[in-house]
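Engineer: Structure supplied as coords_36.cif; contents: mmCIF, C-alpha atoms.
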data_structure
#
loop_
_atom_site.label_atom_id
_atom_site.label_comp_id
_atom_site.auth_asym_id
_atom_site.auth_seq_id
_atom_site.Cartn_x
_atom_site.Cartn_y
_atom_site.Cartn_z
CA ILE Z 1 -13.84 63.32 -14.98
CA SER Z 2 -10.58 65.11 -14.37
CA ARG Z 3 -10.02 67.50 -11.50
CA ARG Z 4 -8.79 70.99 -12.16
CA ARG Z 5 -6.56 72.94 -9.89
CA GLY Z 6 -8.24 75.97 -8.33
CA CYS Z 7 -7.73 77.79 -5.07
CA SER Z 8 -6.24 75.42 -2.56
CA SER Z 9 -8.54 74.05 0.11
CA GLU Z 10 -7.15 74.43 3.58
CA GLY Z 11 -9.59 72.11 5.28
CA LEU Z 12 -13.27 72.35 6.08
CA SER Z 13 -14.24 74.66 8.91
CA LEU Z 14 -16.94 73.51 11.28
CA SER Z 15 -18.71 76.78 12.03
CA PRO Z 16 -19.49 79.99 10.14
CA VAL Z 17 -17.14 81.93 12.44
CA LEU Z 18 -14.26 79.55 11.87
CA PHE Z 19 -14.95 79.70 8.16
CA ARG Z 20 -14.53 83.47 8.09
CA VAL Z 21 -11.33 83.30 10.11
CA ALA Z 22 -9.92 80.63 7.81
CA MET Z 23 -10.70 82.83 4.84
CA THR Z 24 -8.67 85.76 6.12
CA THR Z 25 -5.76 84.25 8.05
CA ASP Z 26 -2.93 84.41 5.51
CA ALA Z 27 0.48 85.61 6.62
CA ALA Z 28 1.60 86.04 3.01
CA HIS Z 29 -0.83 88.87 2.37
CA PRO Z 30 -1.71 92.23 3.82
CA PRO Z 31 -5.42 93.00 4.17
CA TYR Z 32 -7.02 92.41 0.79
CA PRO Z 33 -8.96 94.93 -1.31
CA THR Z 34 -12.73 94.82 -0.87
CA THR Z 35 -13.55 97.25 -3.70
CA PRO Z 36 -12.16 97.57 -7.22
CA GLU Z 37 -10.68 100.95 -6.39
CA THR Z 38 -8.52 99.66 -3.53
CA LEU Z 39 -6.75 96.93 -5.49
CA THR Z 40 -3.10 97.91 -5.98
CA PRO Z 41 -0.45 96.72 -8.46
CA GLY Z 42 1.83 95.50 -5.68
CA TRP Z 43 -0.88 93.43 -4.02
CA LEU Z 44 -1.90 91.86 -7.33
CA ALA Z 45 1.71 90.98 -8.20
CA ASP Z 46 2.08 89.29 -4.82
CA VAL Z 47 -1.06 87.20 -5.48
CA LEU Z 48 0.09 86.10 -8.93
CA ARG Z 49 3.53 85.12 -7.64
CA ARG Z 50 1.91 82.48 -5.48
CA HIS Z 51 0.78 80.72 -8.67
CA HIS Z 52 3.43 81.58 -11.28
CA GLU Z 53 7.18 81.94 -11.30
CA ASP Z 54 8.93 85.05 -12.59
CA VAL Z 55 6.00 87.46 -12.41
CA PRO Z 56 7.48 90.88 -13.25
CA GLU Z 57 6.68 94.03 -11.35
CA ILE Z 58 3.24 95.37 -12.19
CA ARG Z 59 3.40 99.06 -13.10
CA GLY Z 60 -0.35 99.49 -13.34
CA PHE Z 61 -3.44 98.24 -15.12
CA ASP Z 62 -6.42 99.35 -17.16
CA THR Z 63 -9.83 98.55 -15.71
CA ALA Z 64 -13.18 97.84 -17.33
CA GLN Z 65 -16.44 96.67 -15.84
CA ILE Z 66 -17.77 93.30 -17.03
CA GLY Z 67 -21.49 92.73 -17.23
CA THR Z 68 -24.22 94.19 -15.04
CA GLY Z 69 -24.15 91.81 -12.09
CA GLN Z 70 -27.07 92.06 -9.69
CA VAL Z 71 -25.18 91.52 -6.41
CA GLY Z 72 -21.53 91.72 -7.45
CA ARG Z 73 -19.09 93.90 -9.36
CA CYS Z 74 -16.77 92.27 -11.89
CA ILE Z 75 -13.77 94.24 -13.12
CA ARG Z 76 -11.24 93.21 -15.74
CA TYR Z 77 -7.69 94.33 -14.90
CA THR Z 78 -5.50 94.43 -18.00
CA ILE Z 79 -2.00 94.36 -16.55
CA ASP Z 80 0.96 96.54 -17.50
CA TYR Z 81 4.12 94.61 -16.55
CA SER Z 82 7.53 96.21 -16.27
CA SER Z 83 8.91 93.54 -18.63
CA GLU Z 84 7.54 90.77 -20.80
CA PRO Z 85 6.17 88.00 -18.54
CA PRO Z 86 6.50 84.26 -19.25
CA PRO Z 87 3.71 82.85 -21.44
CA ALA Z 88 1.85 81.23 -18.52
CA VAL Z 89 1.53 84.48 -16.55
CA PRO Z 90 -1.87 86.09 -17.17
CA ARG Z 91 -2.04 89.38 -19.05
CA ALA Z 92 -5.38 90.14 -17.43
CA VAL Z 93 -7.43 88.93 -14.46
CA VAL Z 94 -10.96 89.52 -13.24
CA GLY Z 95 -11.66 90.89 -9.78
CA LYS Z 96 -15.04 90.27 -8.18
CA PHE Z 97 -16.38 92.31 -5.27
CA ALA Z 98 -19.68 93.08 -3.57
CA SER Z 99 -22.11 95.38 -5.34
CA ASP Z 100 -21.89 99.10 -4.61
CA ASN Z 101 -25.72 99.27 -4.64
CA THR Z 102 -26.98 99.18 -1.05
CA GLU Z 103 -30.12 97.22 -1.88
CA SER Z 104 -28.21 94.63 -3.88
CA ARG Z 105 -25.49 94.32 -1.21
CA GLU Z 106 -28.13 93.63 1.41
CA ALA Z 107 -29.78 91.05 -0.84
CA GLY Z 108 -26.40 89.37 -1.33
CA LYS Z 109 -25.78 89.38 2.40
CA ALA Z 110 -29.24 88.03 3.23
CA GLY Z 111 -28.76 85.19 0.79
CA GLY Z 112 -25.25 84.40 2.01
CA CYS Z 113 -24.15 84.87 -1.61
CA TYR Z 114 -20.67 86.20 -0.90
CA ILE Z 115 -19.80 83.52 1.64
CA LEU Z 116 -21.05 80.82 -0.72
CA GLU Z 117 -19.05 81.98 -3.73
CA VAL Z 118 -15.80 82.37 -1.82
CA GLY Z 119 -16.45 78.98 -0.23
CA PHE Z 120 -16.91 77.29 -3.59
CA TYR Z 121 -13.61 78.56 -4.94
CA ARG Z 122 -11.77 77.79 -1.72
CA ASP Z 123 -13.18 74.38 -0.80
CA LEU Z 124 -14.98 72.79 -3.74
CA GLN Z 125 -13.66 73.95 -7.11
CA ALA Z 126 -10.66 71.62 -7.14
CA THR Z 127 -12.84 68.57 -6.35
CA VAL Z 128 -15.17 68.78 -9.35
CA GLY Z 129 -14.64 68.65 -13.12
CA ILE Z 130 -16.75 71.56 -14.34
CA ARG Z 131 -14.84 74.24 -16.25
CA THR Z 132 -14.67 77.41 -14.20
CA PRO Z 133 -12.19 80.29 -14.16
CA ARG Z 134 -9.02 79.50 -12.27
CA CYS Z 135 -9.04 81.20 -8.89
CA TYR Z 136 -5.94 83.12 -7.76
CA PHE Z 137 -7.32 84.57 -4.54
CA ALA Z 138 -10.51 84.19 -2.47
CA ALA Z 139 -11.20 85.76 0.91
CA ILE Z 140 -14.08 87.03 3.00
CA GLY Z 141 -14.34 88.21 6.59
CA ASP Z 142 -12.32 91.44 6.79
CA GLY Z 143 -13.71 94.89 6.30
CA THR Z 144 -16.64 96.76 7.75
CA ASP Z 145 -19.14 93.99 7.02
CA PRO Z 146 -17.58 90.51 7.37
CA GLU Z 147 -20.41 88.76 5.49
CA VAL Z 148 -20.15 91.14 2.54
CA ASP Z 149 -16.62 92.50 2.14
CA HIS Z 150 -14.72 89.99 0.03
CA ALA Z 151 -12.39 89.63 -2.92
CA LEU Z 152 -12.03 87.10 -5.70
CA ILE Z 153 -9.25 87.24 -8.28
CA LEU Z 154 -10.11 84.97 -11.19
CA GLU Z 155 -8.82 83.89 -14.56
CA ASP Z 156 -9.91 86.14 -17.41
CA MET Z 157 -11.81 83.92 -19.85
CA ALA Z 158 -11.68 86.36 -22.79
CA PRO Z 159 -12.40 86.02 -25.69
CA ALA Z 160 -15.26 83.87 -24.36
CA ALA Z 161 -18.52 85.84 -24.30
CA GLN Z 162 -21.30 85.87 -21.71
CA GLY Z 163 -24.53 84.15 -22.69
CA ASP Z 164 -27.73 86.14 -23.07
CA GLN Z 165 -30.64 84.85 -21.00
CA ILE Z 166 -33.15 86.87 -22.98
CA SER Z 167 -32.24 85.67 -26.48
CA GLY Z 168 -31.41 82.15 -25.28
CA CYS Z 169 -28.78 79.70 -26.49
CA THR Z 170 -28.41 77.21 -29.31
CA VAL Z 171 -29.09 73.51 -28.90
CA ASP Z 172 -25.37 72.78 -29.24
CA GLN Z 173 -24.58 75.28 -26.47
CA ALA Z 174 -27.26 73.65 -24.30
CA ALA Z 175 -25.68 70.23 -24.85
CA ALA Z 176 -22.26 71.59 -23.87
CA ALA Z 177 -23.67 73.27 -20.75
CA LEU Z 178 -25.40 70.07 -19.65
CA GLU Z 179 -22.15 68.14 -20.15
CA GLU Z 180 -20.49 70.61 -17.80
CA ALA Z 181 -23.37 70.19 -15.33
CA ALA Z 182 -22.65 66.46 -15.25
CA ARG Z 183 -18.97 67.27 -14.61
CA LEU Z 184 -20.11 69.27 -11.59
CA HIS Z 185 -22.57 66.72 -10.25
CA ALA Z 186 -20.87 63.35 -10.82
CA PRO Z 187 -17.61 63.72 -8.81
CA ARG Z 188 -19.36 64.43 -5.47
CA TRP Z 189 -22.50 62.35 -6.08
CA SER Z 190 -23.91 61.06 -2.76
CA ASP Z 191 -20.69 62.20 -1.04
CA SER Z 192 -21.46 62.15 2.70
CA SER Z 193 -18.43 64.34 3.47
CA LEU Z 194 -20.28 67.31 1.97
CA GLN Z 195 -22.48 67.27 5.06
CA LEU Z 196 -19.49 68.49 7.09
CA ILE Z 197 -19.17 71.80 5.23
CA SER Z 198 -20.73 74.30 7.58
CA TRP Z 199 -21.22 77.10 5.06
CA LEU Z 200 -22.81 74.95 2.34
CA ARG Z 201 -26.57 75.32 2.01
CA GLY Z 202 -28.33 72.00 2.38
CA ALA Z 203 -25.47 70.68 4.52
CA GLY Z 204 -24.15 72.53 7.57
CA ALA Z 205 -25.72 75.92 6.83
CA GLU Z 206 -29.41 76.44 7.54
CA PRO Z 207 -31.23 76.85 4.21
CA PRO Z 208 -33.41 79.93 3.77
CA ASP Z 209 -37.19 79.57 4.02
CA VAL Z 210 -37.66 79.63 0.26
CA ALA Z 211 -41.34 78.70 0.42
CA GLY Z 212 -42.12 81.40 2.97
CA ILE Z 213 -40.15 84.01 1.04
CA TYR Z 214 -41.84 83.04 -2.23
CA GLU Z 215 -45.34 83.25 -0.75
CA LEU Z 216 -44.55 86.61 0.85
CA ILE Z 217 -43.04 88.12 -2.30
CA LEU Z 218 -45.46 86.80 -4.93
CA PRO Z 219 -48.15 89.53 -4.48
CA ALA Z 220 -45.53 92.29 -4.90
CA PHE Z 221 -44.15 90.47 -7.94
CA GLU Z 222 -47.61 90.37 -9.51
CA GLN Z 223 -48.12 94.05 -8.79
CA ARG Z 224 -44.75 95.15 -10.23
CA TYR Z 225 -45.24 93.19 -13.44
CA ASP Z 226 -48.97 93.69 -13.81
CA GLY Z 227 -49.98 93.32 -17.45
CA ARG Z 228 -46.69 91.75 -18.52
CA LEU Z 229 -47.46 88.12 -17.66
CA ASP Z 230 -50.03 85.79 -19.23
CA ASP Z 231 -52.73 83.97 -17.28
CA GLU Z 232 -51.03 80.57 -17.52
CA THR Z 233 -47.81 81.93 -16.00
CA LEU Z 234 -49.66 83.66 -13.18
CA GLY Z 235 -51.84 80.61 -12.64
CA ILE Z 236 -49.03 78.17 -11.97
CA ALA Z 237 -47.10 80.80 -9.99
CA ARG Z 238 -50.11 81.16 -7.68
CA ASP Z 239 -50.72 77.41 -7.45
CA LEU Z 240 -47.10 76.91 -6.47
CA ALA Z 241 -47.25 79.21 -3.44
CA PRO Z 242 -49.19 76.88 -1.06
CA ALA Z 243 -47.47 73.78 -2.48
CA LEU Z 244 -43.83 74.83 -2.41
CA ALA Z 245 -43.05 73.99 1.24
CA GLY Z 246 -44.34 70.46 0.81
CA LEU Z 247 -42.65 70.08 -2.56
CA ILE Z 248 -39.29 70.97 -0.98
CA ALA Z 249 -39.86 68.76 2.06
CA GLU Z 250 -40.83 65.74 -0.05
CA ALA Z 251 -37.94 66.03 -2.51
CA ASP Z 252 -35.78 62.92 -2.36
CA GLY Z 253 -32.96 61.52 -4.41
CA PRO Z 254 -29.16 61.52 -4.33
CA ARG Z 255 -27.55 64.80 -3.27
CA THR Z 256 -24.54 66.46 -4.82
CA ILE Z 257 -23.06 69.92 -5.35
CA VAL Z 258 -25.45 72.05 -7.40
CA HIS Z 259 -24.86 75.51 -8.83
CA GLY Z 260 -28.36 76.74 -7.97
CA ASP Z 261 -28.47 79.47 -10.65
CA TYR Z 262 -27.36 77.42 -13.65
CA ARG Z 263 -28.36 79.66 -16.55
CA ILE Z 264 -26.67 81.11 -19.59
CA ASP Z 265 -26.12 84.58 -18.10
CA ASN Z 266 -23.77 82.76 -15.71
CA MET Z 267 -21.84 81.07 -18.51
CA LEU Z 268 -19.10 82.14 -20.87
CA PHE Z 269 -19.09 80.60 -24.34
CA GLY Z 270 -15.97 80.22 -26.47
CA ASP Z 271 -14.85 78.52 -29.66
CA GLY Z 272 -13.20 75.61 -27.82
CA ARG Z 273 -9.73 76.71 -28.96
CA SER Z 274 -8.91 80.25 -27.89
CA ALA Z 275 -11.43 79.90 -25.04
CA PRO Z 276 -13.30 76.90 -23.55
CA ALA Z 277 -16.59 76.02 -25.20
CA VAL Z 278 -18.36 76.68 -21.87
CA SER Z 279 -17.12 77.94 -18.53
CA VAL Z 280 -19.39 78.56 -15.57
CA VAL Z 281 -19.24 81.54 -13.21
CA ASP Z 282 -21.27 83.16 -10.40
CA TRP Z 283 -21.23 80.53 -7.65
CA GLN Z 284 -23.28 82.63 -5.21
CA THR Z 285 -26.06 80.04 -4.87
CA VAL Z 286 -24.02 76.84 -4.63
CA SER Z 287 -25.64 74.24 -2.38
CA LEU Z 288 -26.15 70.57 -1.67
CA GLY Z 289 -29.10 69.42 -3.74
CA ILE Z 290 -30.47 67.27 -6.55
CA GLY Z 291 -28.39 67.53 -9.70
CA ALA Z 292 -31.27 67.32 -12.17
CA SER Z 293 -32.66 70.55 -10.73
CA ASP Z 294 -29.70 72.41 -12.27
CA ALA Z 295 -30.45 70.73 -15.59
CA ALA Z 296 -34.14 71.64 -15.44
CA TYR Z 297 -33.39 75.22 -14.46
CA PHE Z 298 -30.95 75.61 -17.34
CA VAL Z 299 -33.09 74.03 -20.05
CA GLY Z 300 -36.26 75.78 -18.88
CA ALA Z 301 -34.99 79.26 -19.64
CA GLY Z 302 -31.83 78.68 -21.66
CA LEU Z 303 -33.74 77.53 -24.73
CA THR Z 304 -36.74 79.19 -26.30
CA ILE Z 305 -39.97 77.35 -25.55
CA GLU Z 306 -40.10 75.93 -29.08
CA LEU Z 307 -36.51 74.64 -29.05
CA ARG Z 308 -36.91 73.21 -25.58
CA ARG Z 309 -40.02 71.24 -26.53
CA GLU Z 310 -38.27 69.79 -29.56
CA HIS Z 311 -34.93 68.81 -28.00
CA GLU Z 312 -35.18 68.48 -24.21
CA THR Z 313 -35.73 64.72 -23.93
CA ARG Z 314 -32.61 64.01 -26.00
CA LEU Z 315 -30.61 66.61 -24.08
CA ILE Z 316 -31.54 65.17 -20.70
CA ARG Z 317 -30.81 61.65 -21.87
CA GLU Z 318 -27.34 62.87 -22.81
CA TYR Z 319 -26.98 64.53 -19.40
CA HIS Z 320 -27.94 61.26 -17.70
CA ALA Z 321 -25.47 59.33 -19.86
CA SER Z 322 -22.74 61.80 -18.84
CA LEU Z 323 -23.52 61.19 -15.17
CA VAL Z 324 -23.14 57.45 -15.69
CA ALA Z 325 -19.92 57.96 -17.63
CA GLY Z 326 -18.68 60.09 -14.74
CA GLY Z 327 -19.12 57.22 -12.28
CA VAL Z 328 -22.69 57.66 -11.00
CA THR Z 329 -24.37 54.33 -10.25
CA GLY Z 330 -27.84 53.30 -9.10
CA TYR Z 331 -29.53 56.26 -10.79
CA ASP Z 332 -31.64 55.10 -13.72
CA TRP Z 333 -33.20 57.17 -16.48
CA GLU Z 334 -36.67 57.13 -14.93
CA SER Z 335 -35.32 58.57 -11.67
CA CYS Z 336 -33.40 61.26 -13.54
CA TRP Z 337 -36.46 62.26 -15.59
CA ARG Z 338 -38.64 62.37 -12.47
CA ASP Z 339 -36.14 64.65 -10.70
CA TYR Z 340 -35.90 66.79 -13.82
CA ARG Z 341 -39.68 67.23 -13.99
CA ARG Z 342 -39.85 68.15 -10.31
CA GLY Z 343 -37.08 70.68 -10.87
CA THR Z 344 -39.00 72.64 -13.50
CA VAL Z 345 -40.52 74.91 -10.83
CA SER Z 346 -37.15 76.00 -9.45
CA GLY Z 347 -36.66 78.56 -12.20
CA LEU Z 348 -40.07 80.07 -11.61
CA VAL Z 349 -39.24 80.45 -7.92
CA MET Z 350 -35.95 82.14 -8.80
CA ALA Z 351 -37.62 84.51 -11.28
CA VAL Z 352 -40.12 85.65 -8.65
CA VAL Z 353 -37.81 85.92 -5.65
CA ALA Z 354 -34.66 87.26 -7.30
CA SER Z 355 -36.53 89.92 -9.27
CA MET Z 356 -37.82 91.44 -6.05
CA MET Z 357 -34.59 91.26 -4.05
CA VAL Z 358 -32.15 93.14 -6.28
CA GLY Z 359 -32.03 96.63 -7.69
CA ALA Z 360 -34.43 97.05 -10.63
CA THR Z 361 -33.01 97.63 -14.11
CA ASP Z 362 -34.69 97.59 -17.52
CA ARG Z 363 -32.64 94.62 -18.67
CA GLY Z 364 -33.11 92.85 -15.35
CA ASP Z 365 -36.89 93.21 -15.58
CA GLU Z 366 -36.92 91.91 -19.15
CA MET Z 367 -34.73 88.98 -18.13
CA PHE Z 368 -36.91 88.03 -15.17
CA MET Z 369 -40.08 88.23 -17.28
CA THR Z 370 -38.51 86.00 -19.94
CA MET Z 371 -37.47 83.52 -17.27
CA ALA Z 372 -40.91 83.51 -15.65
CA ARG Z 373 -42.70 82.83 -18.94
CA ARG Z 374 -40.32 80.09 -20.07
CA HIS Z 375 -40.15 78.35 -16.69
CA ALA Z 376 -43.93 78.46 -16.27
CA ALA Z 377 -44.43 76.91 -19.72
CA HIS Z 378 -41.82 74.27 -18.83
CA ALA Z 379 -43.55 73.30 -15.60
CA ILE Z 380 -46.92 73.18 -17.33
CA ASP Z 381 -45.64 71.12 -20.29
CA LEU Z 382 -44.07 68.53 -17.98
CA ASP Z 383 -47.05 68.52 -15.60
CA ALA Z 384 -45.09 69.59 -12.53
CA ARG Z 385 -48.42 70.03 -10.72
CA GLU Z 386 -48.45 66.24 -10.38
CA PHE Z 387 -45.85 66.64 -7.64
CA PHE Z 388 -47.66 69.43 -5.76
CA PRO Z 389 -48.82 68.13 -2.37
CA SER Z 390 -52.63 68.04 -2.16
#
With the file now loaded, output its structure as structure tokens.
Structural biologist:
Amino acid sequence: ISRRRGCSSEGLSLSPVLFRVAMTTDAAHPPYPTTPETLTPGWLADVLRRHHEDVPEIRGFDTAQIGTGQVGRCIRYTIDYSSEPPPAVPRAVVGKFASDNTESREAGKAGGCYILEVGFYRDLQATVGIRTPRCYFAAIGDGTDPEVDHALILEDMAPAAQGDQISGCTVDQAAAALEEAARLHAPRWSDSSLQLISWLRGAGAEPPDVAGIYELILPAFEQRYDGRLDDETLGIARDLAPALAGLIAEADGPRTIVHGDYRIDNMLFGDGRSAPAVSVVDWQTVSLGIGASDAAYFVGAGLTIELRREHETRLIREYHASLVAGGVTGYDWESCWRDYRRGTVSGLVMAVVASMMVGATDRGDEMFMTMARRHAAHAIDLDAREFFPS
């Protein structure tokens, strides 16, 4: 699996404080913009000149919001150069900043989302093979709130289009996404050096109490969506609450870099010519974990229940074969399938917790309900209760 060039890694910091300092100490740049409105043509030209030769003066740009991110704002900057730039110089870039919704900003801060995403682009992107947008700039630590105020300047992947979690994806798109998952997981499989990354959840950074949060939030989740969920979904959601802490504690298997929110809303799909077939964005939940959990999370909600039941065994066999082709050894099919089955509950946890920690929107509610139903059916079909501690 080839490595792609992203933002340069300047070494792994050994504490959260050092990490923030490393993110912002850059003599080549003035303080960076922490909102879309404060990004200037001169600053952007300076950033691009670090990656491309002969970047002309930028006279201005047109802006347009991309998507309806729950904890972040994505803005496309279509650039107006003073003269025709060389072919390699981007005509547009995407800027990513913290949400301007107070509730969503606080949720992002509580989850360490902004630190994690900047950290991925700075320290990990260049070491894995998954297709992601090229990163031109990544920083966090300046501004009023050092765990929130950040900036990412990323490659514009247009004409690739964002996936739709509600309608789901095709089987071919699922196969392509799982191939990319293997390109994420295989290069750092059982890599002990990941334990030295202080900001990475599951390594140096203390993981959140997911089980405690889930158990606390579940009653409010049931109340908000009363009448919109079937008895089977609610039944396994309730059964999971007392079992989740033990399920997490007992999880074993090789660790690697996992996305943590590997679903089609966080993917851009192209034709493979004018844009990559799949590129993966939104690295706000990256962690050290079990790779098959990403695969289970994706398949559980990415496909309709009917398509998933028909195709998932073949798809996961192909994912496992891609891991082996990428250099993974000592991980047989039975182990992969076991880890995949255990991972079916992760999407249900995300649907419950995330839905209650971000600002409510009509589309967001519909998305979380779709996820909850599909993930619950997935866990039931694959008998995930077998792994619940008694």
Engineer: Around the point (-25.7, 84.2, -19.9), in the coordinates given by the file, pick out the residues reaching within 8 Å, counting only C-alpha atoms, and return them as an MDAnalysis selection string.
Structural biologist: chainID Z and resid 162:165 263:268
Engineer: Considering all atoms listed in the file, state which residue in the set Z:Ile166, Z:Val324, Z:Ala292, Z:Leu39 is at the smallest distance from Arg374 of chain Z.
Structural biologist: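 Closest to Arg374 of chain Z, using all atoms listed in the file: Z:Ile166.
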Engineer: Which value, in Å to one decimal, gives the distance between atom CA of Leu196 of chain Z and atom CA of Lys96 of chain Z?
Structural biologist: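 Pair atom CA of Leu196 of chain Z / atom CA of Lys96 of chain Z returns 27.0 Å.
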Engineer: Hey, can you check how far atom CA of Glu318 of chain Z sits from atom CA of Phe388 of chain Z?
Structural biologist: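 Straight-line distance from atom CA of Glu318 of chain Z to atom CA of Phe388 of chain Z works out to 27.3 Å.
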Engineer: Applying the PyMOL selection byres ((chain Z and resi 53-63) around 12) to the file I just gave you, which residues come out? Please list them as a ChimeraX atom specification.
Structural biologist: /Z:36-37,39-52,64-66,74-95
Engineer: So that I can see what lies close to Arg201 of chain Z, please list as a list in words the residues with an atom at most 9 Å from it, counting all atoms listed in the file and leaving out residues fewer than 6 positions away in the same chain.
Structural biologist: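 After dropping sequence-adjacent residues, the list is Leu116, Pro207, Pro208, Thr285, Val286, Ser287, Leu288 and Gly289 of chain Z.
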Engineer: Would you pick out the contacts of Thr304 of chain Z at 9 Å or less, using all atoms listed in the file, so that residues sharing its chain but fewer than 2 positions from it are not included, and give the list as an MDAnalysis selection string?
Structural biologist: chainID Z and resid 167:169 299:302 306:309 374
Engineer: How big is the axis-aligned box around the listed atoms of segment 338-349 of chain Z once 4 Å is added on each side, and where is its centre? Give both in Å to one decimal, as JSON.
Structural biologist:
{"center_x": -38.2, "center_y": 71.4, "center_z": -11.0, "size_x": 12.6, "size_y": 26.1, "size_z": 14.1}
Engineer: Quick one: pull the distance between atom CA of Val353 of chain Z and atom CA of Ala110 of chain Z, Å, one decimal.
Structural biologist: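 Distance between the two atoms: 12.5 Å.
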Engineer: Taking only C-alpha atoms into account, which of Z:Gly112, Z:Pro219, Z:Pro33, Z:Pro187 comes nearest Leu152 of chain Z?
Structural biologist: Z:Pro33
Engineer: Name the residues that the PyMOL selection byres ((chain Z and resi 243) around 10) pulls out of this structure, and write them as a ChimeraX atom specification.
Structural biologist: /Z:211,215,238-242,244-248,385,387-390
Engineer: Would you please work out which residue, of Z:Val349, Z:Ala98, Z:Met367, Z:Val210, is nearest to Ile115 of chain Z when using all atoms listed in the file?
Structural biologist: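 Closest to Ile115 of chain Z, using all atoms listed in the file: Z:Ala98.
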Engineer: When the PyMOL selection byres ((chain Z and resi 338) around 10) is applied to the file above, which residues end up in the set, as a VMD selection string?
Structural biologist: chain Z and resid 253 292 333 to 337 339 to 343 382 384 387
Engineer: So that I have them on file, write out the residues from the current selection with C-alpha atoms, as a PDB file, keeping the file's coordinate frame.
Structural biologist:
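Result written to again-v7.pdb:
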ATOM      1  CA  GLY Z 253     -32.960  61.520  -4.410  1.00  0.00           C
ATOM      2  CA  ALA Z 292     -31.270  67.320 -12.170  1.00  0.00           C
ATOM      3  CA  TRP Z 333     -33.200  57.170 -16.480  1.00  0.00           C
ATOM      4  CA  GLU Z 334     -36.670  57.130 -14.930  1.00  0.00           C
ATOM      5  CA  SER Z 335     -35.320  58.570 -11.670  1.00  0.00           C
ATOM      6  CA  CYS Z 336     -33.400  61.260 -13.540  1.00  0.00           C
ATOM      7  CA  TRP Z 337     -36.460  62.260 -15.590  1.00  0.00           C
ATOM      8  CA  ASP Z 339     -36.140  64.650 -10.700  1.00  0.00           C
ATOM      9  CA  TYR Z 340     -35.900  66.790 -13.820  1.00  0.00           C
ATOM     10  CA  ARG Z 341     -39.680  67.230 -13.990  1.00  0.00           C
ATOM     11  CA  ARG Z 342     -39.850  68.150 -10.310  1.00  0.00           C
ATOM     12  CA  GLY Z 343     -37.080  70.680 -10.870  1.00  0.00           C
ATOM     13  CA  LEU Z 382     -44.070  68.530 -17.980  1.00  0.00           C
ATOM     14  CA  ALA Z 384     -45.090  69.590 -12.530  1.00  0.00           C
ATOM     15  CA  PHE Z 387     -45.850  66.640  -7.640  1.00  0.00           C
TER      16      PHE Z 387
END
Engineer: Name the residues in contact with Val148 of chain Z at a cut-off of 9 Å, using only C-alpha atoms, excluding same-chain residues fewer than 5 positions from it; report them as a PyMOL selection string.
Structural biologist: chain Z and resi 34+97-98+105-106+108-109+112-115+140-143
Engineer: Go through Z:Ala126, Z:Ala186, Z:Ala296, Z:Val258 and flag the residue nearest Gly326 of chain Z, using all atoms listed in the file for the distances.
Structural biologist: Z:Ala186
